Amino acid sequence: MATPEMTTRQRRRRRYRRVALWTIAVIMVGAMVLPLGSYVYTGIQPVHAQAIEDSNPRSNFWREVRGGQSGYTAVQGQETDVLVQNGGQNWRQYRNGLLANYGGWALFLVAVLILLFFGLRGRMNIDSGRSGQLIKRWSSWERFVHWYTAILFVILAITGLSILFGRAVLIPLMGPRGFAAWADLAIGLHNVIGPAFAIGVLVMILMWIPRNLPSKGDGEWLMQAGGMFKEGAHPPSGQVNAGEKIWFWIICTVGIAAIVSGLILDFPNYGQSREAMQTANLVHGVTALIWVAVWFGHAYLGTFGTEGTLEGMTTGYVDVNWAKQHHDQWYDEVREGGGETTRASPGGGAGEQPA
Ligand code: HEM
């Protein structure tokens, strides 16, 4: 945002930067929309495709198989006499087509938008500077649960994305043998860490549900987008603001869907059909990608995006001026309830003296 004190040169530089960033954004969106156009175009060319199929004598046989024609299978049990499981073909097309292409582009776009936002808005600093007084924000148990879950999430995200995009992105970089070794390790880690992560998410949800219930000020906070687009705007907030609440409820819904579908895939020995596995795989892919995309925003705001937020989750304490700026109602509540502030120690953590 331009302020009266800015020189003409600063304004011009800011304008150039804004134009450059918007140009990059338009190119990125164009790069995503164009392939979608070609997808739709290919979809409306059935006559040509039909002609090719008719000229192939085996296509009638294949069509019958795809139509669910049953035959004889020596192995009896689940899906006896199914010649070719039709859903598998559809699943492969969705998974390697729509999901891998557009999921990849969507993640990329979110990362670019966050970079653009950072370029235009810069870091959101503590307006009145640091006070040197700290106030307790997160207990040791809360921080343990958060970082346990976060670390496992990052491992799952890296290994999961490697499995989904490995063919397109990693084989050109590592070569087929290198990728095979990494994919083997990645899938093993992903399968083992998934259930341990699920426990962390469950504990986190139970621990933080009460403070994430909707409250009166949430609407106003959202109307002002948390003041993110306007310097100096700080809508009132309790311990967690409406943005954090949305993140929390995404974990409770999208996250739980990713976890449940992941567990169905992780334990295939409970008699689920191939169709159930294919559906679980697609649900898992879509929900996990949404989760990772939203997490990009969470991790950005918790680190580079906002001054003084990360230290709350690493040391348990935040600067008093940070608390007044971002969570004023919570700060008042803590003070009214007799909560003390502490002077920051020279090392950056909490000191001894209450103020
Ligand atoms: C690894 C990267 C991550 C970083 C840097 C990070 C950072 C942070 C920070 C600094 C806070 C405190 C915000 C505040 O004081 O208001 C926070 C809160 C929180 N984080 Fe993370 N986080 C990460 C990953 C995750 C993951 C993977 C999850 C969930 C699966 C998660 C869930 C939460 C929740 C639920 C809150 C509290 C907000 C509430 O009470 O609803 N975080 N995070």
# chains A, B, ... in the order shown; residues from 1 in each chain; ligands from 1

call {"tool": "closest_atom_pairs", "arguments": {"of": "chain A", "to": "ligand 1", "cutoff": "6 Å", "atoms": "only C-alpha atoms and all ligand atoms", "output": "tab-separated table"}}
result
residue	atom	partner	partner_atom_place_in_ligand_line	distance
A:Thr149	CA	ligand 1	30 (C)	5.8
A:Ala150	CA	ligand 1	27 (C)	3.8
A:Ile151	CA	ligand 1	1 (C)	6.0
A:Phe153	CA	ligand 1	27 (C)	5.0
A:Trp208	CA	ligand 1	40 (O)	5.5
A:Asn212	CA	ligand 1	41 (O)	5.8
A:Val240	CA	ligand 1	40 (O)	5.6
A:Glu244	CA	ligand 1	41 (O)	5.0
A:Lys245	CA	ligand 1	41 (O)	5.2
A:Phe248	CA	ligand 1	35 (C)	4.8
A:Ala299	CA	ligand 1	4 (C)	4.3
A:Gly302	CA	ligand 1	10 (C)	4.0
A:Thr303	CA	ligand 1	5 (C)	5.6
A:Thr309	CA	ligand 1	10 (C)	4.9
A:Leu310	CA	ligand 1	10 (C)	3.6
A:Gly312	CA	ligand 1	15 (O)	5.5
A:Met313	CA	ligand 1	10 (C)	5.0

call {"tool": "select_by_dssp", "arguments": {"residues": "range 3-238 of chain A", "states": "strand (DSSP E)", "output": "mmCIF file with N, CA and C atoms, in the first residue's frame"}}
result
data_model
loop_
_atom_site.group_PDB
_atom_site.id
_atom_site.type_symbol
_atom_site.label_atom_id
_atom_site.label_comp_id
_atom_site.auth_asym_id
_atom_site.auth_seq_id
_atom_site.Cartn_x
_atom_site.Cartn_y
_atom_site.Cartn_z
ATOM 1 N N GLN A 133 8.350 -7.810 26.416
ATOM 2 C CA GLN A 133 7.559 -8.577 27.397
ATOM 3 C C GLN A 133 6.910 -9.754 26.677
ATOM 4 N N LEU A 134 6.950 -10.919 27.283
ATOM 5 C CA LEU A 134 6.377 -12.105 26.646
ATOM 6 C C LEU A 134 5.152 -12.590 27.404
ATOM 7 N N ILE A 135 4.280 -13.263 26.696
ATOM 8 C CA ILE A 135 3.096 -13.841 27.340
ATOM 9 C C ILE A 135 2.945 -15.284 26.856
ATOM 10 N N LYS A 136 2.549 -16.169 27.784
ATOM 11 C CA LYS A 136 2.451 -17.605 27.449
ATOM 12 C C LYS A 136 1.294 -17.820 26.471
#

call {"tool": "residues_around", "arguments": {"residues": "Gly262 in chain A", "least_positions_apart": "2", "cutoff": "9 Å", "atoms": "only C-alpha atoms", "output": "PyMOL selection string"}}
result
chain A and resi 191+194-195+257-260+264-267+280-281+283-284

call {"tool": "atom_distance", "arguments": {"atom1": "CA of Thr341 in chain A", "atom2": "CA of Val320 in chain A"}}
result
7.7 Å

call {"tool": "residues_around", "arguments": {"residues": "Gly219 in chain A", "least_positions_apart": "5", "cutoff": "12 Å", "atoms": "only C-alpha atoms", "output": "JSON, numbers by chain"}}
result
{"A": [214, 224, 225, 226, 235, 236, 237, 241, 242, 243, 245, 246]}

call {"tool": "write_last_selection", "arguments": {"atoms": "C-alpha atoms", "output": "PDB file, in the first residue's frame"}}
result
ATOM      1  CA  PRO A 214     -17.493 -20.301  15.825  1.00  0.00           C
ATOM      2  CA  GLN A 224     -11.677  -7.768   6.739  1.00  0.00           C
ATOM      3  CA  ALA A 225      -9.735 -10.886   5.656  1.00  0.00           C
ATOM      4  CA  GLY A 226      -7.880 -10.611   8.948  1.00  0.00           C
ATOM      5  CA  PRO A 235      -9.731  -6.962  13.357  1.00  0.00           C
ATOM      6  CA  PRO A 236     -10.391  -8.151  16.918  1.00  0.00           C
ATOM      7  CA  SER A 237      -9.769 -11.815  17.679  1.00  0.00           C
ATOM      8  CA  ASN A 241      -8.804 -16.087  14.680  1.00  0.00           C
ATOM      9  CA  ALA A 242     -11.406 -17.070  12.066  1.00  0.00           C
ATOM     10  CA  GLY A 243      -8.666 -17.959   9.540  1.00  0.00           C
ATOM     11  CA  LYS A 245     -10.549 -21.806  12.703  1.00  0.00           C
ATOM     12  CA  ILE A 246     -11.078 -22.479   8.985  1.00  0.00           C
TER      13      ILE A 246
END

call {"tool": "closest_atom_pairs", "arguments": {"of": "range 137-193 of chain A", "to": "range 99-109 of chain A", "cutoff": "10 Å", "atoms": "only C-alpha atoms", "output": "CSV"}}
result
residue,atom,partner,partner_atom,distance
A:Leu161,CA,A:Gly104,CA,9.0
A:Leu164,CA,A:Ala100,CA,6.5
A:Phe165,CA,A:Ala100,CA,6.6
A:Ala168,CA,A:Ala100,CA,9.0

call {"tool": "atom_distance", "arguments": {"atom1": "CA of Phe61 in chain A", "atom2": "CA of Val75 in chain A"}}
result
22.4 Å

call {"tool": "select_by_dssp", "arguments": {"residues": "range 69-164 of chain A", "states": "helix (DSSP H, G or I)", "output": "MDAnalysis selection string"}}
result
chainID A and resid 86:121 140:164

call {"tool": "closest_residue", "arguments": {"among": "A:Val29, A:Phe296, A:Gly255, A:Gly88", "to": "Glu275 in chain A", "atoms": "only C-alpha atoms"}}
result
A:Gly88

call {"tool": "decode", "arguments": {"residues": "range 193-213 of chain A", "atoms": "C-alpha atoms", "output": "PDB file, in the first residue's frame"}}
result
ATOM      1  CA  ILE A 193       3.854 -43.094   9.093  1.00  0.00           C
ATOM      2  CA  GLY A 194       0.207 -42.677   8.016  1.00  0.00           C
ATOM      3  CA  PRO A 195      -1.386 -44.401  11.049  1.00  0.00           C
ATOM      4  CA  ALA A 196       1.025 -42.668  13.487  1.00  0.00           C
ATOM      5  CA  PHE A 197       0.061 -39.331  11.929  1.00  0.00           C
ATOM      6  CA  ALA A 198      -3.653 -40.182  12.241  1.00  0.00           C
ATOM      7  CA  ILE A 199      -3.221 -40.506  16.017  1.00  0.00           C
ATOM      8  CA  GLY A 200      -1.580 -37.051  16.176  1.00  0.00           C
ATOM      9  CA  VAL A 201      -4.408 -35.459  14.175  1.00  0.00           C
ATOM     10  CA  LEU A 202      -7.032 -37.090  16.367  1.00  0.00           C
ATOM     11  CA  VAL A 203      -5.378 -35.824  19.563  1.00  0.00           C
ATOM     12  CA  MET A 204      -4.989 -32.350  18.013  1.00  0.00           C
ATOM     13  CA  ILE A 205      -8.660 -32.209  17.075  1.00  0.00           C
ATOM     14  CA  LEU A 206      -9.842 -33.300  20.529  1.00  0.00           C
ATOM     15  CA  MET A 207      -7.430 -30.886  22.212  1.00  0.00           C
ATOM     16  CA  TRP A 208      -8.351 -27.788  20.153  1.00  0.00           C
ATOM     17  CA  ILE A 209     -12.039 -28.284  19.344  1.00  0.00           C
ATOM     18  CA  PRO A 210     -13.404 -26.020  22.139  1.00  0.00           C
ATOM     19  CA  ARG A 211     -11.494 -22.922  21.094  1.00  0.00           C
ATOM     20  CA  ASN A 212     -12.243 -23.425  17.405  1.00  0.00           C
ATOM     21  CA  LEU A 213     -16.022 -23.264  17.732  1.00  0.00           C
TER      22      LEU A 213
END
